[in-house]
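Here's the structure, in structure tokens; my notes come after.
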Amino acid sequence: MSRFALGLASLGRPAYINLGREHALPSTRDVESMRAACWAVLDTAHAAGVRHVDAARSYGLSEEFLGGWLADRGHDDVVVSSKWGYAYVADWRPDAPVHEVKEHSLARFTAQWRETRALLGDAVALYQVHSLTPDSPLFTDRPLLEALAATGVPLGFSTSGPRQADAVRRALEIEVGGRRLFDAVQSTWNLLEPSAGPALAEAHAAGVRVLVKEGLANGRLAVDPPTAVRDLAAEHGVGPDAVALAAVLAQPWADVVLSGAASPEQLLSNLDAGRVDPARCDLPALAEPAARYWETRASLAWN
């Protein structure tokens with residue numbers, strides 16, 4: 001369980017793009033119902049031995065839910081990571097035309113770091129730039145980079161889009177005060193979109209902690225799995241989600257694998273990945289062209 005983390009993207013707000021989420025959540029998605037659902041998954045994760053939880057400022061009330069859960073349960077053994085850069089703007093409306101707005105600026109960082117600290121305090125063990133791309137203004141904004149370094153906490157960044165590898169390599173060249181700025185990277189890697197793999201292997205070899213998100217391709221590999229995934233799942237007596245996450249665990253450079261489970265049942269099914277023979281998880285024929293994968297992801301509806 002030390003390699004698993006629970007991501008709260010599906011649990012901190014009433015709508016998200018993950019397939020298979022809609023029937024796992026309460027029928028009424030008001031704040032209190034979603035808080036209870038989030039806490040139930042957190043309790044299940046902790047009981048199963050998962051000790052890393054990943055949130056973000058844009059995941060609705062995820063930081064508030066997590067901070068309340070930590071205070072209520074009294075757990076002091078949980079590693080907390082969060083992210084800044086996107087603002088949640090849907091005002092708890094599942095049908096909002098826009099759910100989050102991205103801005104990599106000093107002003108956005110300053111405001112969101114203050115908000116994160118107010119909700120999570122000293123529990124934050126990793127603070128990440130959310131969805132860094134090669135054209136982000138962050139790369140040339142020295143005041144912003146220096147402000148990041150001044151937090152005194154380990155820093156990381158997440159990536160998205162067909163040029164993830166470029167973003168990873170460029171970000172790991174950033175230095176402030178003669179020291180590499182980022183200690184961790186969180187990228188999408190799954191059986192359909194493995195293009196960032198070589199860059200993540202380089203990062204791992206350089207001593208950077210590698211976190212893998214979207215191992216289920218936002219639910220695509222669980223809801224409508226390819227035949228090879230379905231067959232391997234049947235052989236092992238697990239769900240296709242477990243096979244997809246086992247493929248991530250099989251990568252020697254993957255330090256942490258995130259589950260985006262929306263219910264205790266989904267989480268426990270995800271954790272069955274440990275029962276799958278990693279030697280059977282090499283399924284390269286499933287990979288899609290990166291551009292097509294990200295176009296498909298962008299077309300997924302928020303629900």
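Chain labels follow the order of the structure tokens: the first chain is A, the next B, and so on; residue numbering restarts at 1 in every chain, and ligands are counted from 1 in their shown order.
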
Could you list, as number ranges by chain, every residue within 9 Å of Pro14 in chain A, counting only C-alpha atoms and ignoring same-chain residues fewer than 4 positions away?
A: 10, 25, 29-31, 34, 60, 92-94, 303

Backbone-only DSSP, strand (DSSP E or B) members of range 62-254 of chain A, as a ChimeraX atom specification
/A:79-84,86-88,100-102,124-132,155-159,175-176,179-180,184-188,209-213

Would you save the residues of that selection, restricted to N, CA and C atoms, as a compact mmCIF listing (two decimals), in the first residue's frame?
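The resulting part_12.txt:
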```
# COMPACT_ATOMS: atom_id res chain seq x y z
N VAL A 79 0.45 11.44 4.62
CA VAL A 79 1.18 12.38 3.77
C VAL A 79 0.17 13.12 2.91
N VAL A 80 0.21 14.45 2.96
CA VAL A 80 -0.74 15.27 2.21
C VAL A 80 -0.02 16.04 1.11
N SER A 81 -0.52 15.94 -0.10
CA SER A 81 -0.04 16.79 -1.19
C SER A 81 -1.23 17.56 -1.74
N SER A 82 -0.96 18.75 -2.25
CA SER A 82 -2.01 19.53 -2.88
C SER A 82 -1.41 20.32 -4.03
N LYS A 83 -2.28 21.05 -4.73
CA LYS A 83 -1.85 21.73 -5.94
C LYS A 83 -2.49 23.11 -6.04
N TRP A 84 -1.79 24.01 -6.71
CA TRP A 84 -2.30 25.35 -6.96
C TRP A 84 -2.21 25.63 -8.46
N TYR A 86 -5.15 26.18 -10.64
CA TYR A 86 -6.53 26.25 -11.09
C TYR A 86 -7.40 26.76 -9.96
N ALA A 87 -8.39 27.57 -10.29
CA ALA A 87 -9.40 28.01 -9.32
C ALA A 87 -10.72 27.34 -9.66
N TYR A 88 -11.41 26.84 -8.65
CA TYR A 88 -12.73 26.24 -8.84
C TYR A 88 -13.76 27.36 -8.92
N GLU A 100 -13.40 25.20 -13.79
CA GLU A 100 -12.12 25.63 -13.23
C GLU A 100 -11.39 26.49 -14.24
N VAL A 101 -10.60 27.43 -13.70
CA VAL A 101 -9.86 28.37 -14.55
C VAL A 101 -8.40 28.35 -14.11
N LYS A 102 -7.53 28.20 -15.09
CA LYS A 102 -6.10 28.05 -14.83
C LYS A 102 -5.37 29.37 -14.93
N VAL A 124 0.74 19.84 4.90
CA VAL A 124 1.15 19.81 3.49
C VAL A 124 2.61 19.38 3.37
N ALA A 125 2.82 18.23 2.77
CA ALA A 125 4.18 17.70 2.61
C ALA A 125 4.70 17.87 1.19
N LEU A 126 3.81 18.26 0.27
CA LEU A 126 4.21 18.48 -1.12
C LEU A 126 3.20 19.43 -1.73
N TYR A 127 3.70 20.54 -2.31
CA TYR A 127 2.82 21.51 -2.96
C TYR A 127 3.20 21.60 -4.42
N GLN A 128 2.22 21.38 -5.31
CA GLN A 128 2.51 21.19 -6.72
C GLN A 128 1.87 22.26 -7.61
N VAL A 129 2.56 22.62 -8.66
CA VAL A 129 1.98 23.45 -9.71
C VAL A 129 1.01 22.56 -10.48
N HIS A 130 -0.21 23.03 -10.67
CA HIS A 130 -1.24 22.20 -11.26
C HIS A 130 -1.22 22.32 -12.79
N SER A 131 -1.02 21.19 -13.44
CA SER A 131 -1.14 21.08 -14.90
C SER A 131 -0.15 22.00 -15.63
N LEU A 132 1.11 21.78 -15.39
CA LEU A 132 2.15 22.54 -16.06
C LEU A 132 2.32 22.06 -17.50
N LEU A 155 8.43 20.82 -3.28
CA LEU A 155 7.62 21.31 -4.38
C LEU A 155 7.56 20.29 -5.51
N GLY A 156 6.46 20.32 -6.23
CA GLY A 156 6.32 19.46 -7.39
C GLY A 156 5.47 20.14 -8.44
N PHE A 157 5.16 19.41 -9.49
CA PHE A 157 4.28 19.92 -10.54
C PHE A 157 3.57 18.74 -11.17
N SER A 158 2.36 18.99 -11.64
CA SER A 158 1.66 17.98 -12.43
C SER A 158 1.68 18.41 -13.88
N THR A 159 1.44 17.47 -14.77
CA THR A 159 1.47 17.77 -16.20
C THR A 159 0.21 17.23 -16.87
N GLU A 175 16.25 25.95 -11.62
CA GLU A 175 16.98 26.05 -10.36
C GLU A 175 16.71 27.41 -9.72
N VAL A 176 16.65 27.42 -8.41
CA VAL A 176 16.57 28.66 -7.64
C VAL A 176 17.61 28.56 -6.54
N ARG A 179 19.81 25.35 -6.60
CA ARG A 179 19.20 24.06 -6.27
C ARG A 179 18.02 23.80 -7.18
N ARG A 180 17.86 22.54 -7.60
CA ARG A 180 16.70 22.18 -8.41
C ARG A 180 15.43 22.53 -7.63
N ALA A 184 9.32 16.64 -7.09
CA ALA A 184 8.37 15.61 -7.50
C ALA A 184 7.65 16.03 -8.76
N VAL A 185 7.18 15.03 -9.49
CA VAL A 185 6.37 15.28 -10.69
C VAL A 185 5.18 14.32 -10.66
N GLN A 186 4.01 14.83 -11.04
CA GLN A 186 2.80 14.03 -11.12
C GLN A 186 2.27 14.11 -12.55
N SER A 187 2.31 12.99 -13.25
CA SER A 187 1.93 12.99 -14.67
C SER A 187 0.92 11.89 -14.97
N THR A 188 0.22 12.08 -16.07
CA THR A 188 -0.67 11.05 -16.59
C THR A 188 0.15 9.98 -17.30
N ARG A 209 10.74 12.32 -7.22
CA ARG A 209 9.64 11.41 -6.90
C ARG A 209 8.58 11.49 -7.99
N VAL A 210 8.19 10.35 -8.52
CA VAL A 210 7.23 10.29 -9.63
C VAL A 210 5.89 9.78 -9.13
N LEU A 211 4.87 10.62 -9.27
CA LEU A 211 3.49 10.25 -8.96
C LEU A 211 2.74 10.10 -10.28
N VAL A 212 1.95 9.04 -10.41
CA VAL A 212 1.21 8.79 -11.64
C VAL A 212 -0.28 8.98 -11.39
N LYS A 213 -0.89 9.84 -12.19
CA LYS A 213 -2.32 10.10 -12.09
C LYS A 213 -3.03 9.54 -13.33
```

Within 12 Å of Asp277 in chain A using only C-alpha atoms, minus same-chain residues under 2 positions, as an mmCIF file with C-alpha atoms, in the first residue's frame:
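Written file, around12.cif:
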```cif
data_model
loop_
_atom_site.group_PDB
_atom_site.id
_atom_site.type_symbol
_atom_site.label_atom_id
_atom_site.label_comp_id
_atom_site.auth_asym_id
_atom_site.auth_seq_id
_atom_site.Cartn_x
_atom_site.Cartn_y
_atom_site.Cartn_z
ATOM 1 C CA LEU A 232 -6.320 -10.417 -17.891
ATOM 2 C CA ALA A 233 -8.730 -9.210 -15.208
ATOM 3 C CA GLU A 235 -7.654 -14.534 -15.219
ATOM 4 C CA HIS A 236 -6.749 -12.833 -11.943
ATOM 5 C CA GLY A 237 -10.281 -12.564 -10.564
ATOM 6 C CA VAL A 238 -10.119 -8.765 -10.354
ATOM 7 C CA ALA A 242 -7.023 -3.314 -11.064
ATOM 8 C CA VAL A 243 -5.275 -4.485 -14.233
ATOM 9 C CA ALA A 244 -4.897 -0.904 -15.483
ATOM 10 C CA LEU A 245 -3.373 0.218 -12.184
ATOM 11 C CA ALA A 246 -1.182 -2.886 -12.015
ATOM 12 C CA ALA A 247 0.289 -1.784 -15.352
ATOM 13 C CA VAL A 248 1.290 1.469 -13.685
ATOM 14 C CA LEU A 249 2.737 -0.325 -10.662
ATOM 15 C CA ALA A 250 4.805 -2.431 -13.072
ATOM 16 C CA ASP A 272 -6.641 -5.292 -6.050
ATOM 17 C CA ALA A 273 -3.931 -4.169 -8.493
ATOM 18 C CA GLY A 274 -1.478 -5.742 -6.065
ATOM 19 C CA ARG A 275 -2.906 -9.163 -6.932
ATOM 20 C CA ALA A 279 4.938 -9.433 -15.761
ATOM 21 C CA ARG A 280 1.588 -9.820 -17.552
ATOM 22 C CA CYS A 281 0.866 -6.086 -17.714
ATOM 23 C CA ASP A 282 2.953 -5.128 -20.724
#
```

Can you tell me, as a PyMOL selection string, what residues are no more than 9 Å from Ala290 in chain A when counting only C-alpha atoms, ignoring any on the same chain fewer than 2 positions away?
chain A and resi 161-163+192-195+287-288+292-295

From the DSSP assignment of the backbone, select every residue of range 171-286 of chain A that is alpha helix (DSSP H), and format the answer as a PDB file with N, CA and C atoms, in the first residue's frame.
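Just written: selection_15.pdb:
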```pdb
ATOM      1  N   ALA A 171      10.827  21.526 -16.770  1.00  0.00           N
ATOM      2  CA  ALA A 171      10.627  21.911 -15.371  1.00  0.00           C
ATOM      3  C   ALA A 171      11.770  21.434 -14.486  1.00  0.00           C
ATOM      4  N   GLY A 197       6.345   8.244 -20.409  1.00  0.00           N
ATOM      5  CA  GLY A 197       7.156   7.258 -19.711  1.00  0.00           C
ATOM      6  C   GLY A 197       8.656   7.505 -19.716  1.00  0.00           C
ATOM      7  N   PRO A 198       9.277   7.721 -20.880  1.00  0.00           N
ATOM      8  CA  PRO A 198      10.733   7.938 -20.882  1.00  0.00           C
ATOM      9  C   PRO A 198      11.159   9.150 -20.051  1.00  0.00           C
ATOM     10  N   ALA A 199      10.415  10.246 -20.118  1.00  0.00           N
ATOM     11  CA  ALA A 199      10.759  11.429 -19.332  1.00  0.00           C
ATOM     12  C   ALA A 199      10.584  11.167 -17.844  1.00  0.00           C
ATOM     13  N   LEU A 200       9.567  10.397 -17.483  1.00  0.00           N
ATOM     14  CA  LEU A 200       9.361  10.069 -16.072  1.00  0.00           C
ATOM     15  C   LEU A 200      10.455   9.129 -15.567  1.00  0.00           C
ATOM     16  N   ALA A 201      10.918   8.242 -16.423  1.00  0.00           N
ATOM     17  CA  ALA A 201      12.036   7.380 -16.040  1.00  0.00           C
ATOM     18  C   ALA A 201      13.291   8.211 -15.789  1.00  0.00           C
ATOM     19  N   GLU A 202      13.511   9.216 -16.620  1.00  0.00           N
ATOM     20  CA  GLU A 202      14.653  10.117 -16.416  1.00  0.00           C
ATOM     21  C   GLU A 202      14.520  10.869 -15.098  1.00  0.00           C
ATOM     22  N   ALA A 203      13.313  11.332 -14.808  1.00  0.00           N
ATOM     23  CA  ALA A 203      13.083  12.059 -13.564  1.00  0.00           C
ATOM     24  C   ALA A 203      13.369  11.167 -12.358  1.00  0.00           C
ATOM     25  N   HIS A 204      12.863   9.955 -12.395  1.00  0.00           N
ATOM     26  CA  HIS A 204      13.079   9.008 -11.299  1.00  0.00           C
ATOM     27  C   HIS A 204      14.567   8.738 -11.107  1.00  0.00           C
ATOM     28  N   ALA A 205      15.271   8.553 -12.217  1.00  0.00           N
ATOM     29  CA  ALA A 205      16.709   8.280 -12.139  1.00  0.00           C
ATOM     30  C   ALA A 205      17.482   9.449 -11.550  1.00  0.00           C
ATOM     31  N   ARG A 220     -11.974   5.353 -18.438  1.00  0.00           N
ATOM     32  CA  ARG A 220     -12.178   4.644 -19.703  1.00  0.00           C
ATOM     33  C   ARG A 220     -11.745   3.185 -19.612  1.00  0.00           C
ATOM     34  N   LEU A 221     -10.632   2.917 -18.913  1.00  0.00           N
ATOM     35  CA  LEU A 221     -10.115   1.561 -18.824  1.00  0.00           C
ATOM     36  C   LEU A 221     -10.908   0.691 -17.853  1.00  0.00           C
ATOM     37  N   ALA A 222     -11.759   1.317 -17.053  1.00  0.00           N
ATOM     38  CA  ALA A 222     -12.603   0.566 -16.129  1.00  0.00           C
ATOM     39  C   ALA A 222     -13.998   0.342 -16.692  1.00  0.00           C
ATOM     40  N   VAL A 223     -14.543   1.362 -17.337  1.00  0.00           N
ATOM     41  CA  VAL A 223     -15.924   1.300 -17.825  1.00  0.00           C
ATOM     42  C   VAL A 223     -16.024   0.559 -19.153  1.00  0.00           C
ATOM     43  N   THR A 227     -10.256  -5.561 -24.807  1.00  0.00           N
ATOM     44  CA  THR A 227     -10.378  -7.007 -24.577  1.00  0.00           C
ATOM     45  C   THR A 227      -9.195  -7.560 -23.798  1.00  0.00           C
ATOM     46  N   ALA A 228      -7.979  -7.107 -24.091  1.00  0.00           N
ATOM     47  CA  ALA A 228      -6.794  -7.631 -23.403  1.00  0.00           C
ATOM     48  C   ALA A 228      -6.852  -7.342 -21.906  1.00  0.00           C
ATOM     49  N   VAL A 229      -7.345  -6.173 -21.547  1.00  0.00           N
ATOM     50  CA  VAL A 229      -7.474  -5.814 -20.132  1.00  0.00           C
ATOM     51  C   VAL A 229      -8.567  -6.652 -19.477  1.00  0.00           C
ATOM     52  N   ARG A 230      -9.682  -6.798 -20.164  1.00  0.00           N
ATOM     53  CA  ARG A 230     -10.800  -7.588 -19.627  1.00  0.00           C
ATOM     54  C   ARG A 230     -10.376  -9.044 -19.408  1.00  0.00           C
ATOM     55  N   ASP A 231      -9.653  -9.610 -20.364  1.00  0.00           N
ATOM     56  CA  ASP A 231      -9.231 -11.010 -20.253  1.00  0.00           C
ATOM     57  C   ASP A 231      -8.252 -11.208 -19.106  1.00  0.00           C
ATOM     58  N   LEU A 232      -7.301 -10.298 -18.967  1.00  0.00           N
ATOM     59  CA  LEU A 232      -6.320 -10.417 -17.891  1.00  0.00           C
ATOM     60  C   LEU A 232      -6.997 -10.251 -16.530  1.00  0.00           C
ATOM     61  N   ALA A 233      -7.983  -9.384 -16.454  1.00  0.00           N
ATOM     62  CA  ALA A 233      -8.730  -9.210 -15.208  1.00  0.00           C
ATOM     63  C   ALA A 233      -9.461 -10.499 -14.839  1.00  0.00           C
ATOM     64  N   ALA A 234     -10.077 -11.143 -15.826  1.00  0.00           N
ATOM     65  CA  ALA A 234     -10.792 -12.392 -15.562  1.00  0.00           C
ATOM     66  C   ALA A 234      -9.843 -13.482 -15.067  1.00  0.00           C
ATOM     67  N   GLU A 235      -8.646 -13.538 -15.640  1.00  0.00           N
ATOM     68  CA  GLU A 235      -7.654 -14.534 -15.219  1.00  0.00           C
ATOM     69  C   GLU A 235      -7.271 -14.359 -13.752  1.00  0.00           C
ATOM     70  N   HIS A 236      -7.195 -13.112 -13.311  1.00  0.00           N
ATOM     71  CA  HIS A 236      -6.749 -12.833 -11.943  1.00  0.00           C
ATOM     72  C   HIS A 236      -7.910 -12.677 -10.963  1.00  0.00           C
ATOM     73  N   PRO A 240     -11.185  -4.791 -14.251  1.00  0.00           N
ATOM     74  CA  PRO A 240     -10.267  -4.193 -15.229  1.00  0.00           C
ATOM     75  C   PRO A 240      -9.526  -2.979 -14.668  1.00  0.00           C
ATOM     76  N   ASP A 241     -10.128  -2.298 -13.697  1.00  0.00           N
ATOM     77  CA  ASP A 241      -9.437  -1.175 -13.060  1.00  0.00           C
ATOM     78  C   ASP A 241      -8.163  -1.631 -12.382  1.00  0.00           C
ATOM     79  N   ALA A 242      -8.207  -2.795 -11.747  1.00  0.00           N
ATOM     80  CA  ALA A 242      -7.023  -3.314 -11.064  1.00  0.00           C
ATOM     81  C   ALA A 242      -5.912  -3.641 -12.055  1.00  0.00           C
ATOM     82  N   VAL A 243      -6.280  -4.183 -13.206  1.00  0.00           N
ATOM     83  CA  VAL A 243      -5.275  -4.485 -14.233  1.00  0.00           C
ATOM     84  C   VAL A 243      -4.626  -3.205 -14.734  1.00  0.00           C
ATOM     85  N   ALA A 244      -5.441  -2.172 -14.989  1.00  0.00           N
ATOM     86  CA  ALA A 244      -4.897  -0.904 -15.483  1.00  0.00           C
ATOM     87  C   ALA A 244      -3.930  -0.294 -14.478  1.00  0.00           C
ATOM     88  N   LEU A 245      -4.263  -0.345 -13.202  1.00  0.00           N
ATOM     89  CA  LEU A 245      -3.373   0.218 -12.184  1.00  0.00           C
ATOM     90  C   LEU A 245      -2.155  -0.684 -11.945  1.00  0.00           C
ATOM     91  N   ALA A 246      -2.332  -1.985 -12.120  1.00  0.00           N
ATOM     92  CA  ALA A 246      -1.182  -2.886 -12.015  1.00  0.00           C
ATOM     93  C   ALA A 246      -0.153  -2.579 -13.100  1.00  0.00           C
ATOM     94  N   ALA A 247      -0.629  -2.166 -14.276  1.00  0.00           N
ATOM     95  CA  ALA A 247       0.289  -1.784 -15.352  1.00  0.00           C
ATOM     96  C   ALA A 247       1.120  -0.578 -14.956  1.00  0.00           C
ATOM     97  N   VAL A 248       0.533   0.326 -14.180  1.00  0.00           N
ATOM     98  CA  VAL A 248       1.290   1.469 -13.685  1.00  0.00           C
ATOM     99  C   VAL A 248       2.291   1.008 -12.639  1.00  0.00           C
ATOM    100  N   LEU A 249       1.843   0.187 -11.701  1.00  0.00           N
ATOM    101  CA  LEU A 249       2.737  -0.325 -10.662  1.00  0.00           C
ATOM    102  C   LEU A 249       3.927  -1.077 -11.257  1.00  0.00           C
ATOM    103  N   PRO A 264     -15.915   3.698  -1.454  1.00  0.00           N
ATOM    104  CA  PRO A 264     -15.075   2.658  -0.842  1.00  0.00           C
ATOM    105  C   PRO A 264     -14.945   1.421  -1.717  1.00  0.00           C
ATOM    106  N   GLU A 265     -16.029   1.033  -2.379  1.00  0.00           N
ATOM    107  CA  GLU A 265     -15.986  -0.165  -3.227  1.00  0.00           C
ATOM    108  C   GLU A 265     -15.028   0.020  -4.395  1.00  0.00           C
ATOM    109  N   GLN A 266     -15.072   1.190  -5.028  1.00  0.00           N
ATOM    110  CA  GLN A 266     -14.134   1.457  -6.122  1.00  0.00           C
ATOM    111  C   GLN A 266     -12.696   1.437  -5.625  1.00  0.00           C
ATOM    112  N   LEU A 267     -12.459   2.000  -4.454  1.00  0.00           N
ATOM    113  CA  LEU A 267     -11.097   2.032  -3.925  1.00  0.00           C
ATOM    114  C   LEU A 267     -10.578   0.620  -3.687  1.00  0.00           C
ATOM    115  N   LEU A 268     -11.365  -0.211  -3.039  1.00  0.00           N
ATOM    116  CA  LEU A 268     -10.907  -1.569  -2.750  1.00  0.00           C
ATOM    117  C   LEU A 268     -10.678  -2.346  -4.037  1.00  0.00           C
ATOM    118  N   SER A 269     -11.498  -2.093  -5.054  1.00  0.00           N
ATOM    119  CA  SER A 269     -11.282  -2.734  -6.351  1.00  0.00           C
ATOM    120  C   SER A 269      -9.976  -2.260  -6.966  1.00  0.00           C
ATOM    121  N   ASN A 270      -9.694  -0.968  -6.875  1.00  0.00           N
ATOM    122  CA  ASN A 270      -8.430  -0.418  -7.373  1.00  0.00           C
ATOM    123  C   ASN A 270      -7.234  -1.074  -6.686  1.00  0.00           C
ATOM    124  N   LEU A 271      -7.341  -1.268  -5.376  1.00  0.00           N
ATOM    125  CA  LEU A 271      -6.222  -1.806  -4.609  1.00  0.00           C
ATOM    126  C   LEU A 271      -5.941  -3.266  -4.923  1.00  0.00           C
TER     127      LEU A 271
END
```

Just want the 12 Å neighbourhood of Asp72 in chain A, counted on only C-alpha atoms, with same-chain residues fewer than 5 positions away dropped. Output as a short mmCIF file (atom, residue, chain, number, x, y, z; two decimals) with N, CA and C atoms, in the first residue's frame.
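Here's the written file part.cif:
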```cif
data_model
loop_
_atom_site.label_atom_id
_atom_site.label_comp_id
_atom_site.auth_asym_id
_atom_site.auth_seq_id
_atom_site.Cartn_x
_atom_site.Cartn_y
_atom_site.Cartn_z
N TRP A 39 -15.23 11.39 3.30
CA TRP A 39 -14.72 10.82 4.54
C TRP A 39 -14.80 9.30 4.53
N LEU A 42 -11.90 8.12 2.53
CA LEU A 42 -10.68 8.35 3.30
C LEU A 42 -10.53 7.31 4.41
N ASP A 43 -11.62 7.01 5.10
CA ASP A 43 -11.57 5.99 6.15
C ASP A 43 -11.17 4.63 5.58
N PHE A 65 -12.52 19.27 3.14
CA PHE A 65 -12.94 17.94 3.56
C PHE A 65 -11.77 17.18 4.19
N LEU A 66 -10.62 17.23 3.55
CA LEU A 66 -9.45 16.50 4.05
C LEU A 66 -8.98 17.07 5.39
N GLY A 67 -8.91 18.39 5.50
CA GLY A 67 -8.48 19.00 6.76
C GLY A 67 -9.42 18.64 7.90
#
```

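Checking A:Cys38, A:Val98, A:Ala123, A:Ala90 one by one against Ala71 in chain A, counting only C-alpha atoms, you find the shortest gap at A:Ala123.
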